[in-house]
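These notes are about the structure you will find just below.
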Amino acid sequence: MSNRKPYVGGNWKMNTNSDSSSSLARGVAEACESVQGSVELVVFPPAPYLIGVRSILNSRSSAIGVGAQDLYFEGDGAFTGEISLAMASDCGCTQALAGHSERRHVIGESDELVNAKVKAMLDGDLTCVLCIGEKLEEREAGKTNEVNERQLRTGLADVGQRQMDNVVIAYEPVWAIGTGKTASPEDAQEAHAHIRALINEMFGDDVAARTRIIYGGSVKPSNAATLFDQPDIDGGLIGGASLQVEDFAAIAKAASGA
Ligand code: PEP
């Protein structure tokens with residue numbers, strides 16, 4: 001059993017509205033109260049609702065963190081539509097996602113742009129959840145490890161050893177995101193072990209032993225425990241199921257028992 005604290009993030013994506021983001025925040029705070037000490041829990045609401053969600057969680061003295069789904073790497077200026085790190089911090093964010101597959105493959109972000117965002121987040125003292133993972137055709141071509149290695153090495157280029165304390169890696173096979181298909185616990189474990197070995201090569205064994213590597217891709221209450229039982233799986237990044245209070249709470253509980 002590792003001494004890494006399990007991590008469960010809820011990525012709300014472009015879902016909810018003012019009312020439903022508030023009631024989801026209230027529901028999650030209540031339903032997850034008992035596991036807050038044993039699992040690091042973070043929600044990633046859409047940007048317009050960050051302040052509201054943070055203040056609801058504060059009003060309940062909840063330890064649940066709030067993160068941004070994406071941030072631009074520049075400090076300020078003529079970048080229409082983008083959100084800066086300072087703005088996210090102002091809204092109470094302590095974390096942010098970088099390189100989510102929808103940013104990479106729908107919006108078209110390159111590995112290099114993801115790296116610029118990772119460095120900006122870490123330089124600004126935010127915890128960065130770097131998402132990596134292969135597409136279906138890459139898996140079928142036997143390129144899973146190759147893709148993960150490229151996205152990991154480029155994503156973490158010029159990141160210092162100490163900064164790795166503020167990095168969580170989310171392995172999210174693209175074919176499993178929002179599709180209902182989940183990697184088998186064995187396949188996910190194999191990918192996670194490979195990622196940990198790469199972190200060892202890049203940053204040494206202490207960092208590799210400390211870094212949380214979480215799994216994302218159609219995690220549900222029914223499959224969470226077997227995934228989280230794997231030795232190199234330290235929790236999950238949850239999309240669809242994070243919009244249902246009971247499902248998210250059940251997944252958080254599964255992580256607390258892993
Ligand atoms: C995600 O958005 O990171 C994700 C894993 O989504 P889902 O759980 O819906 O597959």
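We name chains A, B, ... following the order of the structure tokens; residues begin at 1 in each chain, and ligands are numbered from 1 as shown.
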Using only C-alpha atoms and all ligand atoms, find each residue with an atom at most 8 Å away from ligand 1 and format the answer as a list in words.
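Selection of residues at most 8 Å from ligand 1: Gly10, Asn11, Trp12, Lys13, His100, Ser101, Glu102, Glu172, Ala176, Ile177, Gly178, Thr179, Gly180, Tyr215, Gly216, Gly217, Ser218, Val219, Lys220, Gly236, Leu237, Ile238, Gly239, Gly240, Ala241 and Ser242 of chain A.
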Name all residues at most 10 Å from segment 86-92 of chain A (count only C-alpha atoms; drop same-chain ones fewer than 4 positions away) and give them as a PyMOL selection string.
chain A and resi 47-55+58+65-71+75-76+96+121+124-126
Got a sec to tell me which of segment 71-215 of chain A DSSP assigns to alpha helix (DSSP H), as JSON, numbers by chain?
{"A": [85, 86, 87, 88, 89, 90, 101, 102, 111, 112, 113, 114, 115, 116, 117, 118, 119, 120, 121, 122, 123, 136, 137, 138, 139, 140, 144, 145, 146, 147, 148, 149, 150, 151, 152, 153, 154, 155, 185, 186, 187, 188, 189, 190, 191, 192, 193, 194, 195, 196, 197, 198, 199, 200, 201, 202, 203, 205, 206, 207, 208, 209, 210]}
For Thr154 of chain A, work out the shell of residues within 8 Å, counting only C-alpha atoms and skipping chain neighbours fewer than 3 positions away, then give it as an MDAnalysis selection string.
chainID A and resid 111:112 115 150:151 157
Go ahead and dump the residues you just picked, N, CA and C atoms, as a PDB file, in the first residue's frame.
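What ended up in out-v6.pdb:
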```
ATOM      1  N   ASP A 111       1.303  19.721 -27.751  1.00  0.00           N
ATOM      2  CA  ASP A 111       2.058  19.331 -26.557  1.00  0.00           C
ATOM      3  C   ASP A 111       2.828  20.535 -26.006  1.00  0.00           C
ATOM      4  N   GLU A 112       3.328  21.382 -26.909  1.00  0.00           N
ATOM      5  CA  GLU A 112       4.143  22.530 -26.490  1.00  0.00           C
ATOM      6  C   GLU A 112       3.286  23.584 -25.773  1.00  0.00           C
ATOM      7  N   ASN A 115       2.630  22.356 -22.369  1.00  0.00           N
ATOM      8  CA  ASN A 115       3.809  22.565 -21.519  1.00  0.00           C
ATOM      9  C   ASN A 115       3.881  24.017 -21.019  1.00  0.00           C
ATOM     10  N   ARG A 150       5.579  10.716 -24.990  1.00  0.00           N
ATOM     11  CA  ARG A 150       5.744  12.013 -25.662  1.00  0.00           C
ATOM     12  C   ARG A 150       4.983  13.116 -24.915  1.00  0.00           C
ATOM     13  N   GLN A 151       3.732  12.827 -24.543  1.00  0.00           N
ATOM     14  CA  GLN A 151       2.929  13.864 -23.871  1.00  0.00           C
ATOM     15  C   GLN A 151       3.487  14.177 -22.473  1.00  0.00           C
ATOM     16  N   ALA A 157       8.455  19.265 -19.664  1.00  0.00           N
ATOM     17  CA  ALA A 157       9.762  19.830 -20.031  1.00  0.00           C
ATOM     18  C   ALA A 157      10.023  21.087 -19.200  1.00  0.00           C
TER      19      ALA A 157
END
```
With distances taken over only C-alpha atoms, the candidate from A:Ile132, A:Lys181, A:Asn3, A:Ser21 nearest Asp232 of chain A is A:Asn3
Of the listed residues A:Ile213, A:Val159, A:Leu41, A:Val147, that which approaches Leu122 of chain A most closely, counting only C-alpha atoms
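The shortest atom-to-atom distance to Leu122 of chain A comes from A:Val159.
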Show me a table, sorted first by chain and then by increasing residue number, of the residues of segment 30-106 of chain A having an atom at most 12 Å from segment 164-167 of chain A, each with its shortest atom pair and the distance in Å to one decimal, counting only C-alpha atoms and written as a Markdown table.
```
| residue | atom | partner | partner_atom | distance |
| --- | --- | --- | --- | --- |
| A:Thr94 | CA | A:Asn166 | CA | 10.3 |
| A:Gln95 | CA | A:Asn166 | CA | 8.9 |
| A:Ala96 | CA | A:Val167 | CA | 10.0 |
| A:Leu97 | CA | A:Val167 | CA | 10.1 |
| A:Ala98 | CA | A:Val167 | CA | 10.4 |
```
Could the residues in this selection be written to a file with all heavy atoms, as a short mmCIF file (atom, residue, chain, number, x, y, z; two decimals), in the first residue's frame?
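So selection30.cif came out as:
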```
data_model
loop_
_atom_site.label_atom_id
_atom_site.label_comp_id
_atom_site.auth_asym_id
_atom_site.auth_seq_id
_atom_site.Cartn_x
_atom_site.Cartn_y
_atom_site.Cartn_z
N THR A 94 -7.17 26.64 -6.60
CA THR A 94 -5.81 26.27 -6.17
C THR A 94 -5.22 25.24 -7.14
O THR A 94 -4.09 24.81 -6.96
CB THR A 94 -5.84 25.63 -4.77
OG1 THR A 94 -6.84 24.60 -4.77
CG2 THR A 94 -6.20 26.66 -3.70
N GLN A 95 -6.00 24.86 -8.14
CA GLN A 95 -5.57 23.81 -9.05
C GLN A 95 -6.07 24.13 -10.46
O GLN A 95 -6.98 24.94 -10.62
CB GLN A 95 -6.17 22.47 -8.65
CG GLN A 95 -5.99 22.12 -7.18
CD GLN A 95 -5.81 20.64 -6.95
OE1 GLN A 95 -5.93 19.82 -7.87
NE2 GLN A 95 -5.51 20.28 -5.72
N ALA A 96 -5.51 23.46 -11.45
CA ALA A 96 -6.03 23.58 -12.81
C ALA A 96 -5.68 22.33 -13.60
O ALA A 96 -4.67 21.67 -13.33
CB ALA A 96 -5.46 24.81 -13.50
N LEU A 97 -6.53 22.02 -14.57
CA LEU A 97 -6.22 20.94 -15.51
C LEU A 97 -5.36 21.51 -16.63
O LEU A 97 -5.51 22.67 -17.01
CB LEU A 97 -7.50 20.38 -16.15
CG LEU A 97 -8.59 19.85 -15.22
CD1 LEU A 97 -9.79 19.36 -16.06
CD2 LEU A 97 -8.07 18.72 -14.35
N ALA A 98 -4.48 20.69 -17.17
CA ALA A 98 -3.74 21.07 -18.38
C ALA A 98 -3.75 19.88 -19.33
O ALA A 98 -3.57 18.74 -18.91
CB ALA A 98 -2.30 21.45 -18.04
#
```
Can you list, as a ChimeraX atom specification, every protein, DNA or RNA residue that comes within 7 Å of segment 202-204 of chain A when you count only C-alpha atoms, leaving out same-chain residues fewer than 4 positions away?
/A:161,198,208
Any chance you can output those residues with C-alpha atoms as a PDB file, in the first residue's frame?
```pdb
ATOM      1  CA  GLN A 161      12.085  18.364  -9.356  1.00  0.00           C
ATOM      2  CA  LEU A 198       9.190   7.490 -16.839  1.00  0.00           C
ATOM      3  CA  ALA A 208       8.199   8.875  -8.758  1.00  0.00           C
TER       4      ALA A 208
END
```
Given only C-alpha atoms as the basis, pick out the residue of A:Asp247, A:Leu57, A:Lys5, A:Ile233 nearest to Ser38 of chain A.
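Going through A:Asp247, A:Leu57, A:Lys5, A:Ile233 one by one, the smallest distance to Ser38 of chain A is for A:Lys5.
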